[in-house]
Amino acid sequence: MARGTGELRAGQDRSERGQGGPDRPALPRFGLGCAPIGNLYGSVDPDTATATVRTSVELGATLLDTAPLYGDGLSEERVGRALATVDRTRVQLSTKVGWLIGAGTAPRPSFGRDDILRSLEGSMKRLGVDRFDVVHVHDAEQHLDEAVRHAVPALLRLRDEGVVGAVGAGMNHSAPLAELVRRADLDVVLIAGRYTLLEQPALGDLLPLCASRGVGVIAGGVYNSGLLADPRPGAPYNYRPAPDTVLRRALALREVCARYDVPLRAAAQQFPLGHPAVVSVVVGAVSPAEVAGNLELARHPIPAEMWAQLREAGLLDSATPVP
């Protein structure tokens with residue numbers, strides 16, 4: 001790469017490197033999911049978005065996770081604006097590739113080598129950077145072969161050149177993400193909504209595989225789209241109103257947590273870190289107050305007895321690790 005020019009070039013081959021990447025950058029335990037400041041759920045004032053990112057960095061949640069797909073580039077632009085006002089060395093910046101965006105057109109999937117490089121060039125311009133700490137292949141469930149043949153090798157080459165610190169993949173489904181871990185040399189994965197206090201399908205496939213291969217796991221969507229933040233009729237689960245059976249489970253979780261004076265959101269944030277493969281948790285926010293509140297909950301004390309009671313109530317399997 002010609003550093004600072006916004007032009008990316010990646011060769012077809014790469015140097016040998018151990019599975020999981022011994023040089024994988026250390027990630028903070030908590031980070032900011034930046035999809036909401038791209039107007040995911042509603043319009044966010046630009047200055048508020050900047051302040052949200054700044055507050056996250058100042059309070060120590062220094063992993064900033066964004067993507068071109070979030071607001072058609074708006075999330076990256078707003079993160080970039082905030083990055084210009086903070087110490088960049090304090091930040092671990094994560095973005096994604098695999099979906100091309102353009103003015104007036106719907107995002108389209110493309111996991112070919114040239115489009116991966118083009119996508120990163122666009123991200124560099126929006127973010128105002130010339131390197132990334134983490135780049136994930138984004139939502140490649142229906143494009144695994146292309147991701148393995150083209151997208152991941154392009155990112156691995158950039159990793160070898162120092163443009164990318166770690167190569168990862170992010171999805172909302174654990175089985176295809178586990179398949180990608182088996183077939184590609186990844187350093188880290190981002191699993192959204194599938195390893196939460198509410199449900200843990202990733203415990204059966206993805207997490208043991210990552211633990212055995214030294215692949216770090218970032219847990220996102222820990223509120224299951226909002227249900228665990230505020231379980232009530234109509235609350236979102238997988239971006240749709242929660243079914244009654246799922247809502248009842250969330251309410252039961254909240255009831256047990258309340259017996260120990262633990263906010264459900266605190267338990268939801270801390271739970272994933274009980275698994276040894278999970279290195280970070282990213283939580284979205286749309287204001288500095290939300291960031292501060294989330295991080296306060298991340299430090300809220302949780303007695304071991306509460307986790308034991310969740311198991312006794314059948315709300316956690318006995319084999320599920322807890323903090």
# chains A, B, ... in the order shown; residues from 1 in each chain; ligands from 1
$ select_by_dssp --residues "range 40-157 of chain A" --states "alpha helix (DSSP H)" --output "VMD selection string"
chain A and resid 46 to 58 74 to 83 113 to 127 144 to 146 152 to 157
$ residues_around --residues "range 228-235 of chain A" --least-positions-apart "5" --cutoff "10 Å" --atoms "only C-alpha atoms" --output "PyMOL selection string"
chain A and resi 196-198+221-223+240-244+246-254+263-269
$ closest_residue --among "A:Ala178, A:Leu316, A:Thr52, A:Gln92" --to "Ala202 in chain A" --atoms "only C-alpha atoms"
A:Ala178
$ atom_distance --atom1 "CA of Thr85 in chain A" --atom2 "CA of Val129 in chain A"
13.0 Å
$ select_by_dssp --residues "range 32-127 of chain A" --states "strand (DSSP E)" --output "list in words"
Leu32, Gly33, Leu63, Leu64, Asp65, Gln92, Leu93, Ser94, Thr95, Lys96, Val97, Trp99, Leu100, Ile101, Gly102, Thr105, Ala106, Pro107, Arg108 and Pro109 of chain A
$ closest_residue --among "A:Val278, A:Ile37, A:Leu273, A:Leu155" --to "Cys210 in chain A" --atoms "only C-alpha atoms"
A:Val278
$ residues_around --residues "range 179-194 of chain A" --least-positions-apart "4" --cutoff "8 Å" --atoms "only C-alpha atoms" --output "VMD selection string"
chain A and resid 18 to 21 24 136 144 148 152 166 to 175 199 to 202 209 to 210 214 to 225 238
$ write_last_selection --atoms "N, CA and C atoms" --output "compact mmCIF listing (two decimals), in the first residue's frame"
# COMPACT_ATOMS: atom_id res chain seq x y z
N GLY A 18 0.81 -18.50 11.72
CA GLY A 18 0.06 -19.47 12.49
C GLY A 18 -1.40 -19.13 12.61
N GLN A 19 -2.22 -20.15 12.78
CA GLN A 19 -3.66 -19.97 12.93
C GLN A 19 -3.96 -19.06 14.10
N GLY A 20 -4.80 -18.09 13.84
CA GLY A 20 -5.20 -17.18 14.89
C GLY A 20 -4.32 -15.96 14.98
N GLY A 21 -3.14 -15.96 14.37
CA GLY A 21 -2.32 -14.77 14.32
C GLY A 21 -1.66 -14.43 15.63
N ARG A 24 -1.97 -10.81 16.84
CA ARG A 24 -3.29 -10.22 16.96
C ARG A 24 -3.28 -9.11 18.00
N HIS A 136 -13.29 -6.96 9.45
CA HIS A 136 -14.13 -8.16 9.39
C HIS A 136 -14.73 -8.33 8.00
N LEU A 144 -19.78 -17.85 1.45
CA LEU A 144 -18.61 -18.37 2.15
C LEU A 144 -17.49 -18.74 1.19
N VAL A 148 -13.77 -17.12 1.32
CA VAL A 148 -12.56 -17.91 1.57
C VAL A 148 -11.56 -17.75 0.43
N VAL A 152 -10.88 -13.05 2.25
CA VAL A 152 -9.92 -13.28 3.33
C VAL A 152 -8.48 -13.21 2.84
N ALA A 166 -5.62 -7.11 12.31
CA ALA A 166 -6.22 -8.43 12.51
C ALA A 166 -7.33 -8.63 11.49
N VAL A 167 -7.46 -9.86 11.02
CA VAL A 167 -8.48 -10.22 10.04
C VAL A 167 -9.57 -11.01 10.75
N GLY A 168 -10.80 -10.59 10.53
CA GLY A 168 -11.89 -11.27 11.20
C GLY A 168 -13.10 -11.46 10.30
N ALA A 169 -14.19 -11.88 10.91
CA ALA A 169 -15.46 -12.04 10.22
C ALA A 169 -16.57 -11.79 11.22
N GLY A 170 -17.62 -11.14 10.76
CA GLY A 170 -18.74 -10.83 11.64
C GLY A 170 -20.05 -11.30 11.05
N MET A 171 -20.86 -11.98 11.86
CA MET A 171 -22.16 -12.49 11.40
C MET A 171 -23.14 -12.53 12.56
N ASN A 172 -24.40 -12.75 12.20
CA ASN A 172 -25.46 -12.95 13.19
C ASN A 172 -25.78 -14.42 13.40
N HIS A 173 -25.03 -15.32 12.73
CA HIS A 173 -25.29 -16.75 12.81
C HIS A 173 -23.98 -17.46 13.12
N SER A 174 -24.02 -18.37 14.10
CA SER A 174 -22.78 -18.98 14.56
C SER A 174 -22.28 -20.10 13.65
N ALA A 175 -23.17 -20.88 13.04
CA ALA A 175 -22.73 -22.03 12.25
C ALA A 175 -21.89 -21.62 11.04
N GLU A 199 -29.67 -16.47 24.99
CA GLU A 199 -29.48 -17.68 24.17
C GLU A 199 -28.00 -17.82 23.81
N GLN A 200 -27.56 -19.08 23.69
CA GLN A 200 -26.13 -19.35 23.49
C GLN A 200 -25.86 -20.40 22.41
N PRO A 201 -26.42 -20.30 21.22
CA PRO A 201 -26.13 -21.31 20.20
C PRO A 201 -24.65 -21.38 19.83
N ALA A 202 -23.93 -20.27 19.95
CA ALA A 202 -22.51 -20.27 19.61
C ALA A 202 -21.69 -21.12 20.56
N LEU A 209 -14.50 -23.96 18.99
CA LEU A 209 -13.58 -23.94 17.85
C LEU A 209 -12.61 -22.77 17.97
N CYS A 210 -13.12 -21.59 18.29
CA CYS A 210 -12.26 -20.42 18.44
C CYS A 210 -11.27 -20.61 19.59
N GLY A 214 -7.23 -20.40 18.95
CA GLY A 214 -6.68 -19.11 19.33
C GLY A 214 -7.30 -17.94 18.61
N VAL A 215 -8.55 -18.07 18.22
CA VAL A 215 -9.28 -16.99 17.56
C VAL A 215 -10.09 -16.24 18.61
N GLY A 216 -9.83 -14.95 18.75
CA GLY A 216 -10.57 -14.16 19.72
C GLY A 216 -12.00 -13.92 19.27
N VAL A 217 -12.91 -13.88 20.24
CA VAL A 217 -14.33 -13.67 19.95
C VAL A 217 -14.77 -12.33 20.55
N ILE A 218 -15.38 -11.51 19.70
CA ILE A 218 -16.02 -10.28 20.15
C ILE A 218 -17.52 -10.55 20.18
N ALA A 219 -18.14 -10.30 21.31
CA ALA A 219 -19.58 -10.52 21.45
C ALA A 219 -20.31 -9.21 21.21
N GLY A 220 -21.20 -9.20 20.23
CA GLY A 220 -22.05 -8.04 19.96
C GLY A 220 -23.50 -8.42 20.12
N GLY A 221 -24.38 -7.45 20.03
CA GLY A 221 -25.81 -7.72 20.15
C GLY A 221 -26.18 -8.36 21.47
N VAL A 222 -25.50 -7.97 22.56
CA VAL A 222 -25.71 -8.67 23.84
C VAL A 222 -27.08 -8.40 24.44
N TYR A 223 -27.79 -7.40 23.93
CA TYR A 223 -29.16 -7.16 24.38
C TYR A 223 -30.18 -7.80 23.43
N ASN A 224 -29.71 -8.60 22.48
CA ASN A 224 -30.61 -9.23 21.50
C ASN A 224 -31.54 -8.20 20.86
N SER A 225 -30.93 -7.17 20.30
CA SER A 225 -31.62 -6.09 19.59
C SER A 225 -32.39 -5.15 20.51
N ASN A 238 -34.08 -9.65 17.55
CA ASN A 238 -33.67 -9.83 16.15
C ASN A 238 -34.36 -8.81 15.25
$ closest_residue --among "A:Gly314, A:Gly122, A:Gly33, A:Gly162" --to "Val53 in chain A" --atoms "only C-alpha atoms"
A:Gly33
$ atom_distance --atom1 "CA of Gly284 in chain A" --atom2 "CA of Gly71 in chain A"
14.0 Å
$ closest_atom_pairs --of "range 250-314 of chain A" --to "range 60-66 of chain A" --cutoff "10 Å" --atoms "only C-alpha atoms" --output "CSV"
residue,atom,partner,partner_atom,distance
A:Ser280,CA,A:Leu63,CA,8.5
A:Val281,CA,A:Leu63,CA,9.1
A:Val282,CA,A:Asp65,CA,7.6
A:Val283,CA,A:Asp65,CA,9.4
A:Gly284,CA,A:Asp65,CA,9.2
A:Val291,CA,A:Ala61,CA,8.7
A:Ala292,CA,A:Ala61,CA,9.8
A:Asn294,CA,A:Ala61,CA,9.9
A:Leu295,CA,A:Ala61,CA,7.8
$ write_last_selection --atoms "C-alpha atoms" --output "PDB file, in the first residue's frame"
ATOM      1  CA  SER A 280     -14.443  -8.140  24.094  1.00  0.00           C
ATOM      2  CA  VAL A 281     -18.049  -7.030  24.281  1.00  0.00           C
ATOM      3  CA  VAL A 282     -19.324  -4.187  22.079  1.00  0.00           C
ATOM      4  CA  VAL A 283     -22.488  -2.329  22.979  1.00  0.00           C
ATOM      5  CA  GLY A 284     -24.195   0.330  20.895  1.00  0.00           C
ATOM      6  CA  VAL A 291     -22.053   5.165  26.992  1.00  0.00           C
ATOM      7  CA  ALA A 292     -21.429   6.136  30.620  1.00  0.00           C
ATOM      8  CA  ASN A 294     -23.352   1.032  29.882  1.00  0.00           C
ATOM      9  CA  LEU A 295     -19.848   1.155  31.322  1.00  0.00           C
TER      10      LEU A 295
END
$ residues_around --residues "Pro321 in chain A" --least-positions-apart "2" --cutoff "10 Å" --atoms "only C-alpha atoms" --output "ChimeraX atom specification"
/A:203,271-276,307,316-319,323
$ write_last_selection --atoms "all heavy atoms" --output "short mmCIF file (atom, residue, chain, number, x, y, z; two decimals), in the first residue's frame"
data_model
loop_
_atom_site.label_atom_id
_atom_site.label_comp_id
_atom_site.auth_asym_id
_atom_site.auth_seq_id
_atom_site.Cartn_x
_atom_site.Cartn_y
_atom_site.Cartn_z
N LEU A 203 -22.26 -21.47 21.71
CA LEU A 203 -21.54 -22.30 22.67
C LEU A 203 -21.34 -23.72 22.14
O LEU A 203 -20.39 -24.40 22.52
CB LEU A 203 -22.31 -22.35 24.00
CG LEU A 203 -21.63 -23.04 25.18
CD1 LEU A 203 -20.34 -22.33 25.56
CD2 LEU A 203 -22.58 -23.08 26.38
N PHE A 271 -22.10 -11.25 31.05
CA PHE A 271 -22.20 -12.68 30.83
C PHE A 271 -21.23 -13.21 29.77
O PHE A 271 -20.54 -14.22 30.01
CB PHE A 271 -23.63 -13.07 30.46
CG PHE A 271 -23.75 -14.44 29.88
CD1 PHE A 271 -23.64 -15.57 30.68
CD2 PHE A 271 -23.89 -14.64 28.50
CE1 PHE A 271 -23.71 -16.85 30.14
CE2 PHE A 271 -23.96 -15.89 27.95
CZ PHE A 271 -23.86 -17.01 28.77
N PRO A 272 -21.13 -12.63 28.56
CA PRO A 272 -20.28 -13.26 27.53
C PRO A 272 -18.84 -13.41 27.94
O PRO A 272 -18.15 -14.34 27.50
CB PRO A 272 -20.42 -12.31 26.33
CG PRO A 272 -21.72 -11.62 26.54
CD PRO A 272 -21.83 -11.45 28.02
N LEU A 273 -18.34 -12.52 28.79
CA LEU A 273 -16.93 -12.56 29.18
C LEU A 273 -16.61 -13.73 30.10
O LEU A 273 -15.45 -13.96 30.41
CB LEU A 273 -16.54 -11.24 29.85
CG LEU A 273 -16.49 -10.04 28.88
CD1 LEU A 273 -16.47 -8.74 29.65
CD2 LEU A 273 -15.29 -10.15 27.96
N GLY A 274 -17.62 -14.49 30.48
CA GLY A 274 -17.35 -15.69 31.26
C GLY A 274 -16.72 -16.79 30.44
O GLY A 274 -16.10 -17.71 30.99
N HIS A 275 -16.86 -16.73 29.11
CA HIS A 275 -16.26 -17.75 28.26
C HIS A 275 -14.83 -17.34 27.92
O HIS A 275 -14.58 -16.20 27.54
CB HIS A 275 -17.06 -17.93 26.97
CG HIS A 275 -16.71 -19.19 26.24
ND1 HIS A 275 -15.54 -19.35 25.54
CD2 HIS A 275 -17.38 -20.38 26.13
CE1 HIS A 275 -15.49 -20.55 25.02
NE2 HIS A 275 -16.60 -21.21 25.36
N PRO A 276 -13.86 -18.27 28.04
CA PRO A 276 -12.46 -17.89 27.82
C PRO A 276 -12.14 -17.43 26.41
O PRO A 276 -11.13 -16.76 26.19
CB PRO A 276 -11.70 -19.18 28.17
CG PRO A 276 -12.71 -20.29 28.06
CD PRO A 276 -14.00 -19.68 28.47
N TRP A 307 -25.72 -16.26 39.37
CA TRP A 307 -25.51 -17.16 38.24
C TRP A 307 -26.00 -18.57 38.60
O TRP A 307 -26.60 -19.26 37.77
CB TRP A 307 -24.03 -17.21 37.85
CG TRP A 307 -23.45 -15.88 37.48
CD1 TRP A 307 -22.48 -15.20 38.14
CD2 TRP A 307 -23.80 -15.07 36.34
NE1 TRP A 307 -22.19 -14.01 37.50
CE2 TRP A 307 -22.99 -13.90 36.39
CE3 TRP A 307 -24.71 -15.20 35.30
CZ2 TRP A 307 -23.06 -12.89 35.43
CZ3 TRP A 307 -24.79 -14.20 34.34
CH2 TRP A 307 -23.98 -13.06 34.41
N LEU A 316 -30.04 -21.02 32.48
CA LEU A 316 -28.68 -21.23 31.98
C LEU A 316 -28.35 -22.70 32.12
O LEU A 316 -28.63 -23.30 33.17
CB LEU A 316 -27.65 -20.39 32.75
CG LEU A 316 -27.44 -18.94 32.36
CD1 LEU A 316 -26.35 -18.32 33.24
CD2 LEU A 316 -27.06 -18.80 30.88
N ASP A 317 -27.74 -23.26 31.11
CA ASP A 317 -27.30 -24.65 31.19
C ASP A 317 -26.14 -24.76 32.18
O ASP A 317 -25.34 -23.84 32.33
CB ASP A 317 -26.84 -25.14 29.82
CG ASP A 317 -26.55 -26.62 29.81
OD1 ASP A 317 -27.46 -27.41 29.59
OD2 ASP A 317 -25.37 -26.96 30.05
N SER A 318 -26.06 -25.89 32.85
CA SER A 318 -25.01 -26.07 33.85
C SER A 318 -23.62 -26.01 33.25
O SER A 318 -22.64 -25.72 33.96
CB SER A 318 -25.20 -27.42 34.57
OG SER A 318 -25.14 -28.49 33.65
N ALA A 319 -23.49 -26.30 31.95
CA ALA A 319 -22.18 -26.30 31.30
C ALA A 319 -21.79 -24.91 30.78
O ALA A 319 -20.68 -24.74 30.29
CB ALA A 319 -22.17 -27.30 30.16
N PRO A 323 -19.06 -15.46 34.36
CA PRO A 323 -17.94 -14.67 34.88
C PRO A 323 -17.58 -15.04 36.32
O PRO A 323 -18.44 -15.49 37.07
CB PRO A 323 -18.48 -13.23 34.82
CG PRO A 323 -19.54 -13.27 33.76
CD PRO A 323 -20.17 -14.62 33.88
#
